[in-house]
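Student: protein.tsv is reproduced in full below (TSV, C-alpha atoms).
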```tsv
chain	number	residue	atom	x	y	z
A	1222	MET	CA	-29.28	33.56	28.01
A	1223	VAL	CA	-31.98	31.49	26.32
A	1224	PHE	CA	-30.23	31.93	22.98
A	1225	ASN	CA	-26.87	30.79	24.39
A	1226	LEU	CA	-28.53	27.75	25.91
A	1227	GLY	CA	-30.25	26.91	22.63
A	1228	TYR	CA	-27.08	27.31	20.59
A	1229	LYS	CA	-25.24	24.99	22.97
A	1230	MET	CA	-28.03	22.47	22.48
A	1231	PHE	CA	-27.57	22.70	18.71
A	1232	LEU	CA	-23.82	22.28	18.96
A	1233	ARG	CA	-24.18	19.41	21.42
A	1234	ARG	CA	-25.86	17.45	18.65
A	1235	GLY	CA	-22.69	17.94	16.61
A	1236	ILE	CA	-21.77	20.01	13.60
A	1237	SER	CA	-22.88	18.38	10.34
A	1238	ILE	CA	-19.65	16.95	8.97
A	1239	GLN	CA	-21.43	15.94	5.76
A	1240	LEU	CA	-22.56	19.49	5.06
A	1241	ILE	CA	-19.14	20.94	5.87
A	1242	LEU	CA	-17.43	18.50	3.49
A	1243	ALA	CA	-20.03	19.08	0.78
A	1244	ILE	CA	-19.60	22.85	0.98
A	1245	ALA	CA	-15.80	22.46	1.18
A	1246	LEU	CA	-15.65	20.41	-2.02
A	1247	LEU	CA	-17.88	22.82	-3.91
A	1248	VAL	CA	-15.91	25.83	-2.71
A	1249	ALA	CA	-12.64	24.04	-3.56
A	1250	ILE	CA	-13.81	23.71	-7.17
A	1251	LEU	CA	-14.55	27.44	-7.31
A	1252	ALA	CA	-11.26	28.40	-5.65
A	1253	SER	CA	-9.16	26.19	-7.93
A	1254	THR	CA	-11.00	27.35	-11.06
A	1255	ASN	CA	-10.56	30.99	-10.11
A	1256	SER	CA	-6.87	30.51	-9.36
A	1257	ILE	CA	-6.21	28.90	-12.75
A	1258	VAL	CA	-8.24	31.55	-14.58
A	1259	ASN	CA	-6.25	34.23	-12.74
A	1260	TYR	CA	-2.99	32.78	-14.04
A	1261	ILE	CA	-4.33	32.55	-17.59
A	1262	GLY	CA	-5.65	36.11	-17.38
A	1263	LEU	CA	-2.31	37.41	-16.14
A	1264	GLN	CA	-0.47	35.70	-18.98
A	1265	ALA	CA	-3.01	37.05	-21.49
A	1266	GLN	CA	-2.51	40.59	-20.20
A	1267	THR	CA	1.25	40.22	-20.45
A	1268	ILE	CA	1.08	38.95	-24.01
A	1269	GLY	CA	-1.49	41.59	-24.96
A	1270	LYS	CA	0.80	44.36	-23.74
A	1271	THR	CA	3.96	43.04	-25.37
A	1272	VAL	CA	2.71	41.72	-28.72
A	1273	THR	CA	1.33	44.59	-30.77
A	1274	ARG	CA	1.74	43.53	-34.37
A	1275	GLY	CA	-1.30	45.12	-35.94
A	1276	GLY	CA	-2.10	45.24	-39.66
A	1277	VAL	CA	-0.62	41.82	-40.48
A	1278	PHE	CA	-2.07	39.90	-43.43
A	1279	LEU	CA	-1.67	36.30	-44.56
A	1280	ILE	CA	-2.00	34.77	-48.02
A	1281	LEU	CA	-3.16	31.13	-47.90
A	1282	SER	CA	-4.35	28.64	-50.46
A	1283	ARG	CA	-8.12	28.86	-50.84
A	1284	GLY	CA	-8.95	25.18	-50.28
A	1285	SER	CA	-6.76	24.67	-47.22
A	1286	THR	CA	-8.27	23.99	-43.81
A	1287	SER	CA	-5.07	24.72	-41.87
A	1288	ILE	CA	-1.75	26.48	-42.33
A	1289	MET	CA	0.04	23.12	-42.51
A	1290	GLU	CA	-2.06	22.10	-45.53
A	1291	SER	CA	-1.78	25.43	-47.32
A	1292	ARG	CA	0.38	25.69	-50.45
A	1293	VAL	CA	1.14	29.09	-52.00
A	1294	ASP	CA	3.45	29.94	-54.90
A	1295	VAL	CA	6.56	31.54	-53.40
A	1296	GLY	CA	6.74	33.87	-56.42
A	1297	LEU	CA	3.82	35.86	-54.99
A	1298	ALA	CA	6.22	37.26	-52.39
A	1299	ASN	CA	8.20	39.07	-55.11
A	1300	SER	CA	4.98	40.35	-56.67
A	1301	LEU	CA	3.90	41.82	-53.32
A	1302	SER	CA	7.23	43.56	-52.84
A	1303	GLY	CA	6.79	45.24	-56.21
A	1304	THR	CA	3.41	46.81	-55.39
A	1305	GLY	CA	4.89	49.53	-53.17
A	1306	TYR	CA	2.18	49.00	-50.54
A	1307	VAL	CA	3.87	46.48	-48.27
A	1308	LYS	CA	6.59	46.93	-45.67
A	1309	ASN	CA	7.60	43.40	-44.69
A	1310	VAL	CA	7.09	40.28	-46.81
A	1311	LEU	CA	7.78	36.97	-45.07
A	1312	PRO	CA	7.12	33.75	-47.02
A	1313	GLN	CA	7.04	30.85	-44.55
A	1314	ARG	CA	6.71	27.08	-44.64
A	1315	MET	CA	5.37	25.19	-41.63
A	1316	LEU	CA	6.47	21.60	-41.00
A	1317	THR	CA	6.13	19.00	-38.27
A	1318	ALA	CA	9.44	17.18	-38.17
A	1319	THR	CA	11.48	14.97	-35.85
A	1320	LEU	CA	14.52	16.46	-34.15
A	1321	THR	CA	17.10	13.97	-32.93
A	1322	MET	CA	19.42	15.63	-30.46
A	1323	GLY	CA	21.45	13.89	-27.80
A	1324	LEU	CA	19.67	10.71	-26.76
A	1325	GLY	CA	16.12	11.84	-27.54
A	1326	ASN	CA	13.80	12.16	-30.52
A	1327	HIS	CA	11.38	15.09	-30.37
A	1328	THR	CA	8.47	15.95	-32.62
A	1329	ILE	CA	8.60	19.71	-33.14
A	1330	HIS	CA	7.16	22.48	-35.28
A	1331	VAL	CA	9.59	23.89	-37.83
A	1332	ARG	CA	9.10	27.31	-39.41
A	1333	ALA	CA	11.24	27.83	-42.51
A	1334	VAL	CA	11.76	31.43	-43.63
A	1335	ARG	CA	13.66	33.12	-46.41
A	1336	ASP	CA	15.66	35.39	-44.09
A	1337	VAL	CA	15.88	34.31	-40.44
A	1338	ALA	CA	17.43	37.60	-39.29
A	1339	GLU	CA	14.62	39.63	-40.87
A	1340	PHE	CA	11.98	37.31	-39.42
A	1341	LEU	CA	13.36	37.74	-35.90
A	1342	ARG	CA	13.62	41.51	-36.38
A	1343	VAL	CA	9.98	41.78	-37.46
A	1344	ARG	CA	8.95	39.66	-34.48
A	1345	GLY	CA	10.91	41.98	-32.16
A	1346	ALA	CA	12.78	38.97	-30.81
A	1347	TYR	CA	15.65	39.03	-28.32
A	1348	LEU	CA	18.38	36.77	-29.68
A	1349	ASN	CA	21.09	35.05	-27.67
A	1350	GLY	CA	23.70	34.01	-30.21
A	1351	ALA	CA	23.52	34.55	-33.97
A	1352	ALA	CA	20.78	34.38	-36.58
A	1353	ALA	CA	20.84	31.26	-38.73
A	1354	ARG	CA	22.32	31.85	-42.17
A	1355	GLY	CA	23.80	28.69	-43.59
A	1356	LEU	CA	22.10	25.46	-44.52
A	1357	ALA	CA	23.19	23.71	-41.34
A	1358	GLU	CA	22.22	26.53	-38.95
A	1359	VAL	CA	18.96	26.95	-37.05
A	1360	ASN	CA	17.51	29.07	-34.26
A	1361	VAL	CA	15.40	27.67	-31.43
A	1362	GLY	CA	12.67	29.42	-29.46
A	1363	GLU	CA	13.15	29.82	-25.72
A	1364	VAL	CA	10.16	27.63	-24.81
A	1365	LEU	CA	11.35	24.80	-27.06
A	1366	ALA	CA	14.90	25.11	-25.76
A	1367	LYS	CA	13.76	24.81	-22.13
A	1368	ALA	CA	11.46	21.90	-22.87
A	1369	PHE	CA	14.18	19.75	-24.45
A	1370	SER	CA	17.29	21.25	-22.75
A	1371	ILE	CA	18.69	22.65	-26.00
A	1372	SER	CA	21.72	24.95	-25.83
A	1373	ILE	CA	23.67	27.04	-28.31
A	1374	GLY	CA	26.15	24.86	-30.18
A	1375	ASP	CA	24.10	21.66	-29.90
A	1376	GLU	CA	23.93	19.58	-33.06
A	1377	GLY	CA	21.22	17.23	-34.21
A	1378	VAL	CA	19.36	15.73	-37.13
A	1379	LEU	CA	16.09	17.13	-38.48
A	1380	ALA	CA	14.07	14.45	-40.28
A	1381	LEU	CA	10.81	14.34	-42.25
A	1382	ASN	CA	9.64	11.04	-43.73
A	1383	ASP	CA	12.75	9.52	-45.32
A	1384	LYS	CA	14.73	12.75	-45.69
A	1385	HIS	CA	16.95	14.39	-43.12
A	1386	VAL	CA	19.43	17.22	-42.68
A	1387	ARG	CA	22.04	17.79	-39.99
A	1388	VAL	CA	21.65	21.11	-38.16
A	1389	ARG	CA	23.41	23.12	-35.48
A	1390	VAL	CA	21.78	25.56	-33.03
A	1391	VAL	CA	23.47	28.96	-33.40
A	1392	GLY	CA	21.01	31.05	-31.36
A	1393	ILE	CA	18.10	30.95	-28.93
A	1394	PHE	CA	15.46	33.69	-29.17
A	1395	ARG	CA	12.51	35.06	-27.21
A	1396	SER	CA	9.75	36.84	-29.16
A	1397	GLN	CA	6.78	36.32	-26.81
A	1398	THR	CA	4.83	34.81	-29.70
A	1399	GLN	CA	3.99	31.23	-30.66
A	1400	SER	CA	7.35	31.07	-32.44
A	1401	ASP	CA	9.06	30.66	-29.06
A	1402	ALA	CA	7.97	27.01	-29.19
A	1403	GLU	CA	9.31	26.47	-32.71
A	1404	LEU	CA	12.56	25.85	-34.54
A	1405	ILE	CA	13.33	28.53	-37.14
A	1406	ALA	CA	15.37	27.43	-40.15
A	1407	PRO	CA	16.37	28.87	-43.52
A	1408	MET	CA	14.06	27.96	-46.42
A	1409	GLU	CA	16.74	25.68	-47.87
A	1410	VAL	CA	16.31	23.29	-44.96
A	1411	SER	CA	12.61	22.78	-45.70
A	1412	SER	CA	13.38	22.38	-49.40
A	1413	ILE	CA	15.63	19.42	-48.60
A	1414	LEU	CA	13.06	17.85	-46.27
A	1415	THR	CA	10.09	18.31	-48.64
A	1416	GLY	CA	11.76	18.34	-52.04
A	1417	ASP	CA	9.70	21.43	-52.89
A	1418	ASN	CA	11.37	24.68	-53.98
A	1419	HIS	CA	8.33	26.45	-55.42
A	1420	THR	CA	5.67	26.66	-52.70
A	1421	VAL	CA	5.36	27.82	-49.11
A	1422	SER	CA	2.65	27.40	-46.50
A	1423	PHE	CA	1.70	31.07	-46.46
A	1424	ILE	CA	3.02	34.56	-47.10
A	1425	GLU	CA	2.87	37.06	-44.26
A	1426	PHE	CA	3.08	40.78	-44.97
A	1427	SER	CA	2.27	44.13	-43.36
A	1428	LEU	CA	1.30	47.40	-45.00
A	1429	ARG	CA	3.29	50.60	-44.93
A	1430	GLU	CA	2.11	53.29	-42.53
A	1431	ASP	CA	1.81	55.96	-45.27
A	1432	VAL	CA	-0.64	54.08	-47.50
A	1433	ASN	CA	-4.42	53.85	-47.47
A	1434	ASN	CA	-5.15	50.40	-46.03
A	1435	LEU	CA	-8.44	49.88	-47.87
A	1436	GLU	CA	-7.00	50.94	-51.21
A	1437	ALA	CA	-3.87	48.84	-50.71
A	1438	VAL	CA	-5.83	45.71	-49.79
A	1439	ASN	CA	-8.14	46.12	-52.80
A	1440	GLN	CA	-5.18	46.48	-55.17
A	1441	ILE	CA	-3.42	43.45	-53.69
A	1442	MET	CA	-6.55	41.30	-53.90
A	1443	GLN	CA	-6.93	42.15	-57.61
A	1444	MET	CA	-3.43	40.92	-58.36
A	1445	LEU	CA	-3.78	37.64	-56.45
A	1446	PRO	CA	-4.65	34.44	-58.36
A	1447	GLY	CA	-7.99	32.78	-57.74
A	1448	ASP	CA	-6.57	29.80	-55.83
A	1449	VAL	CA	-5.43	31.88	-52.83
A	1450	LYS	CA	-7.20	33.94	-50.17
A	1451	LEU	CA	-6.19	37.01	-48.20
A	1452	ILE	CA	-6.98	37.19	-44.48
A	1453	GLN	CA	-6.03	39.64	-41.76
A	1454	ALA	CA	-4.27	38.16	-38.76
A	1455	GLN	CA	-6.21	38.34	-35.49
A	1456	GLN	CA	-5.28	41.32	-33.34
A	1457	THR	CA	-3.72	39.70	-30.27
A	1458	LEU	CA	-4.97	42.17	-27.68
A	1459	LYS	CA	-8.58	42.17	-28.92
A	1460	PHE	CA	-8.57	38.38	-29.20
A	1461	LEU	CA	-7.29	37.96	-25.65
A	1462	GLN	CA	-9.81	40.47	-24.35
A	1463	GLN	CA	-12.63	38.49	-25.94
A	1464	MET	CA	-11.25	35.28	-24.48
A	1465	ASN	CA	-11.13	36.83	-21.01
A	1466	ILE	CA	-14.74	38.03	-21.35
A	1467	GLN	CA	-15.91	34.55	-22.41
A	1468	THR	CA	-13.95	32.90	-19.61
A	1469	ALA	CA	-15.42	35.30	-17.04
A	1470	ALA	CA	-18.95	34.61	-18.35
A	1471	PHE	CA	-18.41	30.85	-18.07
A	1472	LEU	CA	-16.98	31.22	-14.56
A	1473	ASN	CA	-19.96	33.31	-13.46
A	1474	ILE	CA	-22.44	30.71	-14.73
A	1475	TRP	CA	-20.45	27.93	-13.07
A	1476	SER	CA	-20.41	29.88	-9.81
A	1477	ILE	CA	-24.19	30.26	-9.90
A	1478	VAL	CA	-24.55	26.50	-10.27
A	1479	VAL	CA	-22.21	25.86	-7.34
A	1480	TYR	CA	-23.96	28.35	-5.05
A	1481	ALA	CA	-27.34	26.87	-6.01
A	1482	VAL	CA	-26.11	23.43	-4.93
A	1483	VAL	CA	-24.84	24.95	-1.66
A	1484	ALA	CA	-28.29	26.45	-1.05
A	1485	ALA	CA	-29.99	23.12	-1.78
A	1486	ALA	CA	-27.66	21.28	0.59
A	1487	SER	CA	-28.31	23.84	3.31
A	1488	TYR	CA	-32.06	23.44	2.83
A	1489	ILE	CA	-31.88	19.66	3.23
A	1490	ILE	CA	-29.59	19.74	6.25
A	1491	SER	CA	-31.51	22.54	8.01
A	1492	THR	CA	-34.78	20.68	7.51
A	1493	ARG	CA	-33.29	17.57	9.05
A	1494	ILE	CA	-31.76	19.51	11.94
A	1495	ILE	CA	-35.09	21.21	12.74
A	1496	VAL	CA	-36.85	17.83	12.86
A	1497	GLU	CA	-34.14	16.28	15.03
A	1498	LEU	CA	-34.06	19.21	17.45
A	1499	SER	CA	-37.80	19.73	17.76
A	1500	TYR	CA	-37.71	18.59	21.39
A	1501	GLU	CA	-34.97	21.07	22.30
A	1502	VAL	CA	-36.88	23.86	20.58
A	1503	SER	CA	-39.97	23.02	22.60
A	1504	MET	CA	-37.92	23.16	25.80
A	1505	LEU	CA	-36.66	26.60	24.86
A	1506	ARG	CA	-40.19	27.82	24.28
A	1507	ALA	CA	-41.21	26.40	27.61
A	1508	LEU	CA	-38.40	28.47	29.16
A	1509	GLY	CA	-39.90	31.60	27.65
A	1510	ALA	CA	-38.01	31.85	24.34
A	1511	GLU	CA	-39.67	33.92	21.64
A	1512	LYS	CA	-40.82	32.44	18.34
A	1513	LEU	CA	-37.86	33.95	16.48
A	1514	VAL	CA	-35.33	32.08	18.61
A	1515	PRO	CA	-35.54	28.88	16.52
A	1516	LEU	CA	-35.07	30.99	13.37
A	1517	ILE	CA	-32.00	32.71	14.81
A	1518	LEU	CA	-30.58	29.40	16.04
A	1519	VAL	CA	-30.94	27.74	12.64
A	1520	LEU	CA	-29.36	30.74	10.91
A	1521	ALA	CA	-26.47	30.81	13.38
A	1522	TYR	CA	-25.94	27.08	12.98
A	1523	THR	CA	-26.00	27.37	9.16
A	1524	ILE	CA	-23.59	30.30	9.14
A	1525	THR	CA	-21.18	28.37	11.36
A	1526	VAL	CA	-21.26	25.33	9.09
A	1527	ALA	CA	-20.98	27.44	5.91
A	1528	LEU	CA	-18.05	29.42	7.36
A	1529	LEU	CA	-16.14	26.28	8.31
A	1530	GLY	CA	-16.87	24.65	4.95
A	1531	SER	CA	-15.84	27.77	3.02
A	1532	ILE	CA	-12.53	28.16	4.84
A	1533	LEU	CA	-11.75	24.47	4.38
A	1534	GLY	CA	-12.78	24.59	0.71
A	1535	ILE	CA	-10.68	27.65	-0.13
A	1536	ALA	CA	-7.67	26.03	1.55
A	1537	LEU	CA	-8.22	22.76	-0.33
A	1538	GLY	CA	-8.71	24.55	-3.66
A	1539	ILE	CA	-5.54	26.63	-3.38
A	1540	ALA	CA	-3.41	23.79	-2.03
A	1541	GLY	CA	-4.78	21.33	-4.59
A	1542	THR	CA	-3.98	23.52	-7.61
A	1543	GLN	CA	-0.52	24.28	-6.27
A	1544	ILE	CA	0.23	20.59	-5.73
A	1545	VAL	CA	-1.05	19.61	-9.18
A	1546	SER	CA	0.90	22.42	-10.90
A	1547	THR	CA	4.07	21.38	-9.06
A	1548	ILE	CA	3.64	17.75	-10.11
A	1549	LEU	CA	3.06	18.84	-13.73
A	1550	ARG	CA	6.27	20.90	-13.66
A	1551	TRP	CA	8.16	17.81	-12.43
A	1552	ILE	CA	6.67	15.61	-15.15
A	1553	THR	CA	6.74	18.17	-17.98
A	1554	PRO	CA	9.20	21.03	-17.42
A	1555	SER	CA	7.66	23.04	-20.27
A	1556	ILE	CA	4.43	23.44	-18.27
A	1557	GLU	CA	4.85	26.41	-15.95
A	1558	VAL	CA	1.41	27.00	-14.43
A	1559	GLU	CA	1.44	29.10	-11.27
A	1560	PRO	CA	-2.20	29.48	-10.12
A	1561	PHE	CA	-3.06	32.08	-7.51
A	1562	LEU	CA	-6.18	33.40	-5.77
A	1563	GLU	CA	-6.68	37.06	-4.91
A	1564	VAL	CA	-7.66	37.96	-1.34
A	1565	GLU	CA	-10.74	39.77	-2.65
A	1566	GLN	CA	-11.82	36.64	-4.54
A	1567	ALA	CA	-11.42	34.48	-1.45
A	1568	LEU	CA	-13.56	36.90	0.59
A	1569	GLN	CA	-16.16	37.00	-2.19
A	1570	ILE	CA	-16.37	33.21	-2.31
A	1571	LEU	CA	-16.66	33.13	1.48
A	1572	LEU	CA	-19.47	35.69	1.61
A	1573	LEU	CA	-21.42	34.25	-1.32
A	1574	THR	CA	-21.23	30.75	0.14
A	1575	ILE	CA	-22.57	31.96	3.49
A	1576	THR	CA	-25.30	33.94	1.71
A	1577	SER	CA	-26.29	30.88	-0.35
A	1578	SER	CA	-26.46	28.76	2.81
A	1579	ILE	CA	-28.66	31.34	4.52
A	1580	LEU	CA	-31.00	31.48	1.53
A	1581	GLY	CA	-31.20	27.69	1.56
A	1582	CYS	CA	-32.14	27.42	5.23
A	1583	ILE	CA	-34.38	30.46	5.57
A	1584	TYR	CA	-37.60	28.74	4.48
A	1585	PRO	CA	-37.43	25.73	6.82
A	1586	ALA	CA	-36.25	28.06	9.60
A	1587	LEU	CA	-39.26	30.35	9.12
A	1588	LYS	CA	-41.53	27.34	8.94
A	1589	SER	CA	-40.19	26.12	12.28
A	1590	THR	CA	-41.37	29.31	13.98
A	1591	ARG	CA	-44.96	28.43	13.07
A	1592	THR	CA	-44.75	24.76	14.00
A	1593	ARG	CA	-45.67	23.53	17.45
A	1594	TYR	CA	-43.95	20.59	19.03
A	1595	VAL	CA	-46.28	17.67	19.51
A	1596	GLU	CA	-45.04	14.99	21.85
A	1597	GLN	CA	-45.13	11.60	20.23
A	1598	ARG	CA	-46.57	8.67	22.08
A	1599	TYR	CA	-44.64	5.46	22.07
A	1600	GLU	CA	-46.48	2.16	22.45
A	1601	GLU	CA	-44.94	-0.34	24.73
A	1602	GLY	CA	-44.55	-3.86	23.71
```
For this file, write the structure as structure tokens.

Tutor:
Amino acid sequence: MVFNLGYKMFLRRGISIQLILAIALLVAILASTNSIVNYIGLQAQTIGKTVTRGGVFLILSRGSTSIMESRVDVGLANSLSGTGYVKNVLPQRMLTATLTMGLGNHTIHVRAVRDVAEFLRVRGAYLNGAAARGLAEVNVGEVLAKAFSISIGDEGVLALNDKHVRVRVVGIFRSQTQSDAELIAPMEVSSILTGDNHTVSFIEFSLREDVNNLEAVNQIMQMLPGDVKLIQAQQTLKFLQQMNIQTAAFLNIWSIVVYAVVAAASYIISTRIIVELSYEVSMLRALGAEKLVPLILVLAYTITVALLGSILGIALGIAGTQIVSTILRWITPSIEVEPFLEVEQALQILLLTITSSILGCIYPALKSTRTRYVEQRYEEG
């Protein structure tokens, strides 16, 4: 009965709106961050399961800092084919060109290959239409096609500096690789745009299954000229796993910071509440309340505030990310972010927030059990 009376006294003073909003904003940051990371993690798992192109090697020019800057003699591709160690040899040239199609001009990435059909086969691509063969034919990745509303049969002009070539889209493909955001063209198209028939950006190749990888790589490195370098392409699954581990580590550190701020806010508010309600606490003691009653009241008050703030924050975080992602899809159709928050994550955030609030208020609450109320004297006049 004394506890119920005391709790009503606490609530009569009003729930701390400032603390609820502070906790809600902090929790909203956690909820939105977790929901976005969940989407990224789901996409990474999907890509990691579908893209399994292990044992891929690239030959780049030694002094290049990026694939776009790299220049490699295209004749090395024929030399690799003659070694007997390699299975697929794909010389490629990467360009950033302007595609004029319909009423719009779009800056896109162009990947020129010697045999488009072979390139799509090696990528394991699903092709709607036909593989580009002639000079005026190109294939477009599914992501690029959706972004700029490109369809099979569309015609346009591909331009680089002062040179251009007219092209027609004969197929749209999906490979679940970065090529889905690119335009794939025969090597002749890039030769017209660059005026270069002798070099490519890099040469991609994979080894045969029946050869010794170490021996094959050593033999290939011995035959390469000194101005190129041989690197192994990053294994997609391992790379994504490392990225997920790093993201989880960052999120954990960020969560610790947020919960520490929640604890600090609870400490400040609980200290203020104890000072403001010292008279009520003294009345409760006069009614026979035990010393632990103030402690229990402060804890109950803090849990109530933390619970309300957590629920409001989780709702704000989820709703906020959904609204932002929807607006981004309206503005840029190519952005398809669909954040989501697991039920277990929401419960974890809720419990950890309440725990942090309790830890923040426990010291001033314990201190209040040892403090006696001293009536202040007010001077008149």

Student: Would you kindly identify which residues have an atom no farther than 12 Å from (4.2, 55.6, -43.7), using all atoms listed in the file and the file's own coordinates, and write them out as a list in words?

Tutor: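 Applying the cut-off with all atoms listed in the file, one gets Gly1305, Tyr1306, Val1307, Lys1308, Ser1427, Leu1428, Arg1429, Glu1430, Asp1431, Val1432, Asn1433 and Asn1434 of chain A.
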
Student: Pick out the residues sitting within 7 Å of range 1316-1327 of chain A, and hand them over as a ChimeraX atom specification; count all atoms listed in the file, and ignore anything fewer than 5 positions along from it in its own chain.

Tutor: /A:1289,1332,1376-1381

Student: If you measure from CA of Ser1291 in chain A to CA of Ala1338 in chain A, what distance in Å do you get, rounded to one decimal?

Tutor: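 Separation between CA of Ser1291 in chain A and CA of Ala1338 in chain A: 24.1 Å.
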
Student: Determine the axis-aligned bounding box of all atoms of range 1353-1361 of chain A present in the file, pad each side by 4 Å, and express its centre and edge lengths in Å to one decimal place as lines of an AutoDock Vina configuration file.

Tutor:
```
center_x = 19.6
center_y = 27.8
center_z = -38.0
size_x = 16.4
size_y = 16.1
size_z = 21.1
```

Student: Using Å and a single decimal, report how far CA of Ile1452 in chain A sits from CA of Asp1294 in chain A.

Tutor: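 Value for the CA of Asp1294 in chain A-CA of Ile1452 in chain A distance: 16.4 Å.
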
Student: Which distance in Å separates CA of Ala1527 in chain A and CA of Thr1542 in chain A, to one decimal?

Tutor: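 These atoms are spaced 22.1 Å apart.
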
Student: Mind listing as a PyMOL selection string all residues within 12 Å of (-11.4, 25.2, 4.3), counting only C-alpha atoms?

Tutor: chain A and resi 1241-1250+1252+1526-1541+1567+1570-1571

Student: Might you pull out every residue within 12 Å of Phe1278 in chain A, with all atoms listed in the file counted and same-chain residues fewer than 2 positions away left off, and present them as JSON, numbers by chain?

Tutor: {"A": [1274, 1275, 1276, 1280, 1281, 1301, 1307, 1308, 1309, 1310, 1311, 1312, 1423, 1424, 1425, 1426, 1427, 1428, 1434, 1437, 1438, 1441, 1442, 1450, 1451, 1452, 1453, 1454, 1455, 1456]}

Student: How would range 1246-1261 of chain A read, as a PDB file, keeping the file's coordinate frame, once N, CA and C atoms are built in?

Tutor:
```pdb
ATOM      1  N   LEU A1246     -15.983  20.906  -0.680  1.00  0.00           N
ATOM      2  CA  LEU A1246     -15.650  20.410  -2.020  1.00  0.00           C
ATOM      3  C   LEU A1246     -16.151  21.351  -3.110  1.00  0.00           C
ATOM      4  N   LEU A1247     -17.348  21.881  -2.922  1.00  0.00           N
ATOM      5  CA  LEU A1247     -17.880  22.820  -3.910  1.00  0.00           C
ATOM      6  C   LEU A1247     -17.056  24.104  -3.943  1.00  0.00           C
ATOM      7  N   VAL A1248     -16.714  24.611  -2.774  1.00  0.00           N
ATOM      8  CA  VAL A1248     -15.910  25.830  -2.710  1.00  0.00           C
ATOM      9  C   VAL A1248     -14.502  25.570  -3.258  1.00  0.00           C
ATOM     10  N   ALA A1249     -13.970  24.372  -3.028  1.00  0.00           N
ATOM     11  CA  ALA A1249     -12.640  24.040  -3.560  1.00  0.00           C
ATOM     12  C   ALA A1249     -12.629  24.087  -5.078  1.00  0.00           C
ATOM     13  N   ILE A1250     -13.713  23.645  -5.705  1.00  0.00           N
ATOM     14  CA  ILE A1250     -13.810  23.710  -7.170  1.00  0.00           C
ATOM     15  C   ILE A1250     -13.771  25.164  -7.632  1.00  0.00           C
ATOM     16  N   LEU A1251     -14.541  26.018  -6.945  1.00  0.00           N
ATOM     17  CA  LEU A1251     -14.550  27.440  -7.310  1.00  0.00           C
ATOM     18  C   LEU A1251     -13.179  28.078  -7.102  1.00  0.00           C
ATOM     19  N   ALA A1252     -12.556  27.792  -5.962  1.00  0.00           N
ATOM     20  CA  ALA A1252     -11.260  28.400  -5.650  1.00  0.00           C
ATOM     21  C   ALA A1252     -10.195  27.967  -6.658  1.00  0.00           C
ATOM     22  N   SER A1253     -10.165  26.680  -6.983  1.00  0.00           N
ATOM     23  CA  SER A1253      -9.160  26.190  -7.930  1.00  0.00           C
ATOM     24  C   SER A1253      -9.408  26.744  -9.331  1.00  0.00           C
ATOM     25  N   THR A1254     -10.677  26.797  -9.740  1.00  0.00           N
ATOM     26  CA  THR A1254     -11.000  27.350 -11.060  1.00  0.00           C
ATOM     27  C   THR A1254     -10.598  28.811 -11.153  1.00  0.00           C
ATOM     28  N   ASN A1255     -10.934  29.572 -10.123  1.00  0.00           N
ATOM     29  CA  ASN A1255     -10.560  30.990 -10.110  1.00  0.00           C
ATOM     30  C   ASN A1255      -9.053  31.183 -10.142  1.00  0.00           C
ATOM     31  N   SER A1256      -8.324  30.358  -9.411  1.00  0.00           N
ATOM     32  CA  SER A1256      -6.870  30.510  -9.360  1.00  0.00           C
ATOM     33  C   SER A1256      -6.222  30.220 -10.717  1.00  0.00           C
ATOM     34  N   ILE A1257      -6.744  29.218 -11.427  1.00  0.00           N
ATOM     35  CA  ILE A1257      -6.210  28.900 -12.750  1.00  0.00           C
ATOM     36  C   ILE A1257      -6.559  29.995 -13.752  1.00  0.00           C
ATOM     37  N   VAL A1258      -7.814  30.468 -13.688  1.00  0.00           N
ATOM     38  CA  VAL A1258      -8.240  31.550 -14.580  1.00  0.00           C
ATOM     39  C   VAL A1258      -7.421  32.814 -14.315  1.00  0.00           C
ATOM     40  N   ASN A1259      -7.082  33.075 -13.058  1.00  0.00           N
ATOM     41  CA  ASN A1259      -6.250  34.230 -12.740  1.00  0.00           C
ATOM     42  C   ASN A1259      -4.894  34.141 -13.417  1.00  0.00           C
ATOM     43  N   TYR A1260      -4.301  32.953 -13.393  1.00  0.00           N
ATOM     44  CA  TYR A1260      -2.990  32.780 -14.040  1.00  0.00           C
ATOM     45  C   TYR A1260      -3.109  32.992 -15.548  1.00  0.00           C
ATOM     46  N   ILE A1261      -4.144  32.398 -16.146  1.00  0.00           N
ATOM     47  CA  ILE A1261      -4.330  32.550 -17.590  1.00  0.00           C
ATOM     48  C   ILE A1261      -4.571  34.015 -17.942  1.00  0.00           C
TER      49      ILE A1261
END
```
